[in-house]
$ cat entry_17.csv   # CSV, C-alpha atoms
chain,number,residue,atom,x,y,z
A,1,MET,CA,0.0,0.0,0.0
A,2,ALA,CA,2.8,2.4,0.9
A,3,VAL,CA,4.5,1.7,-2.5
A,4,GLN,CA,1.2,2.3,-4.3
A,5,ALA,CA,0.6,5.6,-2.4
A,6,ALA,CA,4.0,6.8,-3.3
A,7,GLY,CA,3.4,6.0,-6.9
A,8,GLU,CA,0.2,7.9,-6.9
A,9,GLY,CA,1.9,10.8,-5.2
A,10,ASP,CA,4.6,10.9,-7.8
A,11,ALA,CA,2.0,10.8,-10.6
A,12,GLY,CA,0.1,13.7,-9.0
A,13,HIS,CA,3.3,15.7,-8.6
A,14,SER,CA,4.2,15.1,-12.2
A,15,GLU,CA,0.7,16.2,-13.4
A,16,ARG,CA,0.9,19.4,-11.3
A,17,MET,CA,4.3,20.1,-12.7
A,18,GLY,CA,2.9,19.7,-16.2
A,19,VAL,CA,0.2,22.2,-15.4
A,20,LEU,CA,2.7,24.8,-14.1
A,21,LEU,CA,5.0,24.3,-17.1
A,22,ALA,CA,2.1,24.6,-19.6
A,23,LEU,CA,0.9,27.8,-17.9
A,24,ALA,CA,4.5,29.2,-17.9
A,25,SER,CA,4.5,28.4,-21.7
A,26,ALA,CA,1.3,30.3,-22.2
A,27,LEU,CA,2.6,33.3,-20.2
A,28,CYS,CA,5.9,33.3,-22.2
A,29,TYR,CA,4.0,33.0,-25.6
A,30,GLY,CA,1.6,35.8,-24.6
A,31,PHE,CA,4.3,38.4,-24.0
A,32,VAL,CA,6.2,37.3,-27.1
A,33,ASP,CA,3.2,37.5,-29.3
A,34,PHE,CA,2.3,40.9,-28.1
A,35,ALA,CA,5.8,42.2,-28.7
A,36,GLY,CA,6.0,40.5,-32.1
A,37,GLY,CA,2.7,41.9,-33.1
A,38,LEU,CA,3.7,45.4,-32.3
A,39,LEU,CA,7.0,45.0,-34.2
A,40,SER,CA,5.2,43.6,-37.2
A,41,ARG,CA,3.4,46.9,-37.5
A,42,ARG,CA,6.7,48.7,-38.0
A,43,VAL,CA,8.8,46.1,-39.8
A,44,HIS,CA,7.5,43.8,-42.5
A,45,PHE,CA,5.9,40.8,-40.8
A,46,ALA,CA,7.9,38.3,-43.0
A,47,VAL,CA,11.2,39.7,-41.7
A,48,VAL,CA,10.0,39.6,-38.1
A,49,THR,CA,8.9,36.0,-38.4
A,50,PHE,CA,12.1,34.9,-40.1
A,51,LEU,CA,14.4,36.7,-37.6
A,52,GLY,CA,12.3,35.3,-34.8
A,53,GLN,CA,12.8,31.8,-35.9
A,54,CYS,CA,16.6,32.4,-36.2
A,55,GLY,CA,16.6,33.6,-32.6
A,56,GLY,CA,14.6,30.6,-31.7
A,57,LEU,CA,17.1,28.3,-33.4
A,58,LEU,CA,20.0,29.8,-31.5
A,59,LEU,CA,18.3,29.3,-28.1
A,60,ALA,CA,17.0,25.9,-29.0
A,61,LEU,CA,20.5,24.7,-30.1
A,62,ALA,CA,22.0,26.0,-26.8
A,63,ALA,CA,19.3,24.3,-24.7
A,64,ALA,CA,19.5,21.0,-26.6
A,65,LEU,CA,23.3,20.9,-26.1
A,66,LEU,CA,22.9,21.5,-22.4
A,67,ALA,CA,19.9,19.1,-21.8
A,68,PRO,CA,20.6,15.4,-21.6
A,69,ALA,CA,19.4,13.3,-24.6
A,70,GLU,CA,19.7,9.5,-24.5
A,71,ALA,CA,19.0,8.9,-28.2
A,72,VAL,CA,17.6,10.9,-31.1
A,73,ARG,CA,15.9,8.7,-33.7
A,74,ALA,CA,14.9,9.5,-37.2
A,75,SER,CA,11.2,9.7,-36.1
A,76,ASP,CA,12.1,12.3,-33.5
A,77,VAL,CA,13.8,14.4,-36.3
A,78,MET,CA,10.7,14.0,-38.5
A,79,TRP,CA,8.3,15.0,-35.7
A,80,GLY,CA,10.5,18.0,-34.9
A,81,ALA,CA,10.6,19.1,-38.5
A,82,LEU,CA,6.8,18.8,-38.8
A,83,SER,CA,6.4,20.8,-35.7
A,84,GLY,CA,8.7,23.5,-37.1
A,85,ALA,CA,6.7,23.6,-40.3
A,86,GLY,CA,3.6,24.3,-38.1
A,87,SER,CA,5.5,27.0,-36.2
A,88,ALA,CA,6.5,28.7,-39.4
A,89,MET,CA,2.9,28.6,-40.7
A,90,ALA,CA,1.5,29.8,-37.4
A,91,MET,CA,3.8,32.7,-36.9
A,92,HIS,CA,3.7,33.8,-40.6
A,93,PHE,CA,0.0,34.2,-40.6
A,94,LEU,CA,-0.3,35.4,-37.0
A,95,ASN,CA,2.2,38.2,-37.6
A,96,ARG,CA,0.5,39.0,-40.9
A,97,GLY,CA,-2.9,39.2,-39.3
A,98,VAL,CA,-1.7,41.3,-36.4
A,99,SER,CA,0.1,43.7,-38.7
A,100,ARG,CA,-3.1,44.5,-40.6
A,101,GLY,CA,-5.8,43.8,-38.0
A,102,ALA,CA,-6.8,43.9,-34.3
A,103,MET,CA,-4.4,41.9,-32.0
A,104,SER,CA,-7.2,41.3,-29.5
A,105,VAL,CA,-9.2,39.4,-32.1
A,106,VAL,CA,-6.8,37.5,-34.3
A,107,MET,CA,-4.9,35.8,-31.5
A,108,PRO,CA,-7.8,34.3,-29.7
A,109,VAL,CA,-9.3,33.0,-32.9
A,110,SER,CA,-6.1,31.2,-33.8
A,111,ALA,CA,-5.6,29.8,-30.3
A,112,VAL,CA,-9.2,28.5,-29.8
A,113,THR,CA,-9.3,26.9,-33.2
A,114,GLY,CA,-5.9,25.5,-32.7
A,115,VAL,CA,-7.1,23.9,-29.4
A,116,ALA,CA,-10.1,22.4,-31.2
A,117,LEU,CA,-8.0,21.0,-34.1
A,118,SER,CA,-5.5,19.6,-31.6
A,119,VAL,CA,-8.3,17.7,-29.8
A,120,TRP,CA,-9.7,16.4,-33.1
A,121,GLY,CA,-6.2,15.3,-34.1
A,122,GLY,CA,-5.9,13.5,-30.7
A,123,VAL,CA,-9.2,11.7,-31.3
A,124,PHE,CA,-8.6,10.6,-34.9
A,125,PHE,CA,-4.9,9.9,-34.8
A,126,LEU,CA,-3.8,9.4,-31.2
A,127,GLY,CA,-6.8,7.5,-29.8
A,128,ASP,CA,-7.8,10.2,-27.3
A,129,ARG,CA,-11.4,10.1,-25.9
A,130,PRO,CA,-12.6,13.6,-24.8
A,131,THR,CA,-15.3,13.8,-22.2
A,132,PRO,CA,-18.8,15.1,-23.0
A,133,LEU,CA,-17.8,18.4,-21.4
A,134,ALA,CA,-14.8,18.7,-23.8
A,135,TRP,CA,-17.1,18.0,-26.7
A,136,VAL,CA,-19.3,20.9,-25.6
A,137,GLY,CA,-16.2,23.1,-25.6
A,138,ILE,CA,-15.4,22.1,-29.1
A,139,CYS,CA,-18.9,22.9,-30.3
A,140,VAL,CA,-18.8,26.3,-28.6
A,141,THR,CA,-15.9,27.3,-30.8
A,142,VAL,CA,-18.0,27.5,-34.0
A,143,PRO,CA,-20.4,30.3,-32.8
A,144,ALA,CA,-17.5,31.9,-31.0
A,145,LEU,CA,-15.5,32.2,-34.2
A,146,TRP,CA,-18.6,33.6,-36.0
A,147,LEU,CA,-19.3,36.2,-33.4
A,148,VAL,CA,-15.7,37.4,-33.3
A,149,SER,CA,-15.4,37.6,-37.1
A,150,ALA,CA,-18.9,39.3,-37.4
A,151,GLY,CA,-17.9,42.2,-35.2
A,152,GLY,CA,-18.3,45.7,-36.6
A,153,SER,CA,-15.6,48.3,-37.2
A,154,GLY,CA,-14.9,49.4,-33.7
A,155,GLY,CA,-11.4,50.7,-33.4
A,156,GLY,CA,-11.2,52.1,-36.9
A,157,GLY,CA,-11.6,50.8,-40.4
A,158,SER,CA,-14.5,49.1,-42.1
A,159,ALA,CA,-16.0,45.8,-40.8
A,160,GLY,CA,-14.7,44.0,-43.8
A,161,ALA,CA,-11.2,45.3,-43.3
A,162,ARG,CA,-11.2,44.2,-39.7
A,163,SER,CA,-12.8,40.8,-40.3
A,164,THR,CA,-10.4,39.9,-43.1
A,165,PRO,CA,-7.5,38.9,-40.8
A,166,VAL,CA,-9.9,36.8,-38.7
A,167,LEU,CA,-11.4,35.0,-41.7
A,168,THR,CA,-8.0,34.2,-43.3
A,169,ASP,CA,-5.0,34.7,-41.1
A,170,GLY,CA,-6.5,33.5,-37.8
A,171,PRO,CA,-7.7,30.1,-39.0
A,172,ALA,CA,-4.5,29.6,-41.1
A,173,ALA,CA,-2.4,30.3,-38.0
A,174,SER,CA,-4.5,27.9,-36.0
A,175,LEU,CA,-3.7,25.0,-38.4
A,176,GLY,CA,0.0,25.8,-37.8
A,177,VAL,CA,-0.6,25.9,-34.0
A,178,ALA,CA,-2.3,22.5,-34.0
A,179,ALA,CA,0.5,20.9,-36.2
A,180,GLN,CA,3.2,22.4,-34.0
A,181,TYR,CA,1.7,21.1,-30.7
A,182,ILE,CA,0.6,17.6,-31.9
A,183,ALA,CA,3.8,16.9,-33.8
A,184,LEU,CA,6.1,18.0,-31.0
A,185,ALA,CA,4.3,15.8,-28.5
A,186,GLN,CA,5.1,12.7,-30.5
A,187,ALA,CA,8.8,13.0,-30.1
A,188,ASP,CA,10.3,10.5,-27.7
A,189,PRO,CA,11.4,12.0,-24.3
A,190,ALA,CA,14.8,10.3,-24.8
A,191,SER,CA,15.5,12.8,-27.6
A,192,GLY,CA,15.7,15.7,-25.1
A,193,LEU,CA,15.2,19.1,-26.7
A,194,TRP,CA,16.6,18.2,-30.1
A,195,PRO,CA,13.1,18.1,-31.7
A,196,VAL,CA,12.7,21.7,-30.8
A,197,ALA,CA,16.0,22.6,-32.4
A,198,VAL,CA,15.2,20.6,-35.5
A,199,GLY,CA,11.9,22.4,-35.7
A,200,ARG,CA,13.5,25.8,-35.6
A,201,LEU,CA,15.9,24.9,-38.4
A,202,ALA,CA,13.0,23.6,-40.5
A,203,ALA,CA,11.1,26.8,-39.9
A,204,VAL,CA,14.0,29.0,-40.9
A,205,LEU,CA,14.5,27.1,-44.1
A,206,LEU,CA,10.7,27.3,-44.9
A,207,LEU,CA,10.5,31.0,-44.3
A,208,LEU,CA,13.6,32.0,-46.2
A,209,PRO,CA,11.9,32.2,-49.6
A,210,ALA,CA,9.1,34.5,-48.3
A,211,THR,CA,11.7,36.7,-46.6
A,212,TRP,CA,14.2,37.0,-49.6
A,213,ARG,CA,12.1,39.7,-51.3
A,214,HIS,CA,12.3,42.0,-48.3
A,215,THR,CA,16.1,42.0,-47.6
A,216,SER,CA,16.1,45.8,-47.6
A,217,GLU,CA,14.1,45.6,-44.3
A,218,PHE,CA,17.2,44.0,-42.6
A,219,ARG,CA,19.1,47.3,-43.0
A,220,ARG,CA,16.4,49.6,-41.7
A,221,SER,CA,17.0,49.2,-38.1
A,222,ALA,CA,19.5,47.0,-36.3
A,223,GLY,CA,17.5,47.5,-33.1
A,224,SER,CA,14.3,46.1,-34.6
A,225,ALA,CA,16.3,43.1,-36.0
A,226,GLY,CA,17.7,42.5,-32.5
A,227,ARG,CA,14.2,42.7,-30.9
A,228,ALA,CA,12.9,40.2,-33.5
A,229,VAL,CA,15.7,37.8,-32.6
A,230,LEU,CA,15.0,38.1,-28.9
A,231,ILE,CA,11.2,37.6,-29.5
A,232,GLY,CA,12.0,34.4,-31.4
A,233,ALA,CA,14.2,33.2,-28.6
A,234,GLY,CA,11.3,33.8,-26.2
A,235,ALA,CA,8.9,31.8,-28.4
A,236,ALA,CA,11.4,28.9,-28.5
A,237,LEU,CA,11.5,29.1,-24.7
A,238,GLY,CA,7.7,28.8,-24.6
A,239,LEU,CA,7.9,25.8,-26.9
A,240,ILE,CA,10.5,24.1,-24.7
A,241,LEU,CA,8.3,24.7,-21.7
A,242,TYR,CA,5.4,23.1,-23.6
A,243,LEU,CA,7.5,20.1,-24.5
A,244,ARG,CA,8.4,19.6,-20.9
A,245,ALA,CA,4.8,20.0,-19.9
A,246,VAL,CA,3.5,17.4,-22.4
A,247,ARG,CA,6.0,14.9,-21.0
A,248,GLU,CA,4.5,15.4,-17.5
A,249,GLN,CA,0.8,15.8,-18.4
A,250,MET,CA,-1.8,14.6,-21.0
A,251,LEU,CA,-1.6,16.1,-24.4
A,252,ALA,CA,-5.1,17.5,-24.3
A,253,VAL,CA,-4.5,19.3,-21.0
A,254,ALA,CA,-1.1,20.6,-21.9
A,255,VAL,CA,-2.3,22.0,-25.2
A,256,VAL,CA,-5.3,23.7,-23.7
A,257,LEU,CA,-3.3,25.3,-20.9
A,258,ALA,CA,-0.5,26.4,-23.2
A,259,SER,CA,-3.1,27.9,-25.6
A,260,LEU,CA,-4.3,30.3,-22.9
A,261,TYR,CA,-1.6,32.7,-24.2
A,262,PRO,CA,-4.0,35.0,-26.1
A,263,ALA,CA,-5.2,36.3,-22.7
A,264,VAL,CA,-1.9,38.1,-22.2
A,265,PRO,CA,-1.7,40.0,-25.5
A,266,THR,CA,-5.5,40.6,-25.6
A,267,VAL,CA,-5.5,42.3,-22.2
A,268,LEU,CA,-2.4,44.3,-23.1
A,269,ALA,CA,-4.0,45.3,-26.4
A,270,LEU,CA,-7.1,46.5,-24.7
A,271,ALA,CA,-5.3,48.2,-21.8
A,272,VAL,CA,-2.1,49.6,-23.5
A,273,LEU,CA,-3.1,50.1,-27.1
A,274,ARG,CA,-6.7,51.1,-26.3
A,275,GLU,CA,-8.1,48.8,-29.0
A,276,LYS,CA,-11.9,48.9,-29.3
A,277,VAL,CA,-14.0,45.7,-29.4
A,278,THR,CA,-17.6,45.7,-30.4
A,279,ARG,CA,-20.3,44.0,-28.3
A,280,VAL,CA,-20.6,41.2,-30.9
A,281,GLN,CA,-16.9,40.6,-30.9
A,282,ALA,CA,-16.8,40.8,-27.1
A,283,ALA,CA,-19.5,38.1,-27.0
A,284,GLY,CA,-17.3,36.0,-29.3
A,285,LEU,CA,-14.2,36.5,-27.1
A,286,VAL,CA,-16.2,35.5,-24.0
A,287,SER,CA,-17.4,32.4,-25.9
A,288,SER,CA,-13.9,31.6,-26.9
A,289,ALA,CA,-12.7,31.8,-23.3
A,290,ALA,CA,-15.6,29.6,-22.2
A,291,ALA,CA,-14.6,27.1,-24.9
A,292,VAL,CA,-11.0,27.0,-23.6
A,293,ILE,CA,-12.3,26.5,-20.0
A,294,LEU,CA,-14.7,23.7,-21.1
A,295,LEU,CA,-11.9,21.9,-23.0
A,296,SER,CA,-9.6,22.2,-20.0
A,297,LEU,CA,-12.2,20.8,-17.6
A,298,GLY,CA,-13.0,18.0,-20.0

$ encode --input "entry_17.csv" --output "structure tokens"
Amino acid sequence: MAVQAAGEGDAGHSERMGVLLALASALCYGFVDFAGGLLSRRVHFAVVTFLGQCGGLLLALAAALLAPAEAVRASDVMWGALSGAGSAMAMHFLNRGVSRGAMSVVMPVSAVTGVALSVWGGVFFLGDRPTPLAWVGICVTVPALWLVSAGGSGGGGSAGARSTPVLTDGPAASLGVAAQYIALAQADPASGLWPVAVGRLAAVLLLLPATWRHTSEFRRSAGSAGRAVLIGAGAALGLILYLRAVREQMLAVAVVLASLYPAVPTVLALAVLREKVTRVQAAGLVSSAAAVILLSLG
């Protein structure tokens, strides 16, 4: 009995640690996305995204060299590269959407949809079985997205101009978010942090063609370039925290908690940037928050 109780205690400690790591990942991503979104309004978003992935690659390589890794298999490299492709897609469309739309709308849409897609991926490909409460949360995302994208023109610009990033960049970024989280969770714990480093390298290579046309941006401001690199390093740190979390906690729980990151830039956008949100959009944002909560409780 004592041995069994000790085992249950260790499992409980591991799950609590997974929750804390996932929340730390969300906090890290939240501040990084806010800073990256602001920078994308001054420097071309493709350059910000590319330099960010370069910064992430540097930090991930350093972390991988310091962290113990028993063995890195070909499958771990493949999952890491696929996760990096998802990261490249997510950050490209997220920064593009933020650079031309409202930060407090685009980010929650991409996160909530990414959570739902991750849950679906777990059901059809990983054998997960969400509870009825989690299924309710998934269904809530549909009207939530409609309400957010149907908001008027509060904060300047026409309704069509403000809804365009939500209808295109937000969902596209969510596909990348889901691929990033699901793929990285498949890497064997024995591979250490090398899947994250491989993913950053894959992202850099994939983003290079889109960045090549904007090389003049690199010479505009060394300070902006340095900030983009630091932002990318912060994003890599958030991904490392998520990877550690998913090794301590169930995928569904870790993904949902890590996806709470839009709360940080959304609050900052409303408080610092004084962005205006219409009542319809506010209802959509509240519904999005409710969906995340239902998914986490399920």

$ residues_around --input "entry_17.csv" --residues "Arg42 of chain A" --least-positions-apart "6" --cutoff "12 Å" --atoms "all atoms listed in the file" --output "number ranges by chain"
A: 35-36, 48, 95-96, 98-100, 217, 220-221, 223-225, 227-228

$ closest_residue --input "entry_17.csv" --among "A:Leu23, A:Val47, A:Val119, A:Leu237" --to "Ala64 of chain A" --atoms "all atoms listed in the file"
A:Leu237

$ closest_residue --input "entry_17.csv" --among "A:Gly52, A:Val43, A:Thr211, A:Ala67" --to "Ile231 of chain A" --atoms "all atoms listed in the file"
A:Gly52

$ closest_residue --input "entry_17.csv" --among "A:Val136, A:Met91, A:Val204, A:Met250" --to "Asp33 of chain A" --atoms "only C-alpha atoms"
A:Met91

$ closest_residue --input "entry_17.csv" --among "A:Ala271, A:Ala289, A:Ala258, A:Pro143" --to "Gly18 of chain A" --atoms "only C-alpha atoms"
A:Ala258

$ atom_distance --input "entry_17.csv" --atom1 "atom CA of Leu51 of chain A" --atom2 "atom CA of Arg200 of chain A"
11.1 Å

$ closest_residue --input "entry_17.csv" --among "A:Ala63, A:Val256, A:Arg16, A:Gly238" --to "Gly137 of chain A" --atoms "all atoms listed in the file"
A:Val256

$ closest_residue --input "entry_17.csv" --among "A:Gly30, A:Ala254, A:Val72, A:Ala81" --to "Leu205 of chain A" --atoms "all atoms listed in the file"
A:Ala81

$ atom_distance --input "entry_17.csv" --atom1 "atom CA of Glu15 of chain A" --atom2 "atom CA of Gly121 of chain A"
21.8 Å

$ residues_around --input "entry_17.csv" --residues "Ala179 of chain A" --least-positions-apart "2" --cutoff "8 Å" --atoms "only C-alpha atoms" --output "PyMOL selection string"
chain A and resi 82-83+85-87+118+175-177+181-183

$ atom_distance --input "entry_17.csv" --atom1 "atom CA of Gln53 of chain A" --atom2 "atom CA of Ser25 of chain A"
16.8 Å

$ residues_near_point --input "entry_17.csv" --point "(14.8, 5.4, -22.5)" --cutoff "12 Å" --atoms "all atoms listed in the file" --output "list in words"
Pro68, Ala69, Glu70, Ala71, Val72, Arg73, Asp188, Pro189, Ala190, Ser191 and Gly192 of chain A

$ write_last_selection --input "entry_17.csv" --atoms "C-alpha atoms" --output "compact mmCIF listing (two decimals), keeping the file's coordinate frame"
# COMPACT_ATOMS: atom_id res chain seq x y z
CA PRO A 68 20.60 15.40 -21.60
CA ALA A 69 19.40 13.30 -24.60
CA GLU A 70 19.70 9.50 -24.50
CA ALA A 71 19.00 8.90 -28.20
CA VAL A 72 17.60 10.90 -31.10
CA ARG A 73 15.90 8.70 -33.70
CA ASP A 188 10.30 10.50 -27.70
CA PRO A 189 11.40 12.00 -24.30
CA ALA A 190 14.80 10.30 -24.80
CA SER A 191 15.50 12.80 -27.60
CA GLY A 192 15.70 15.70 -25.10
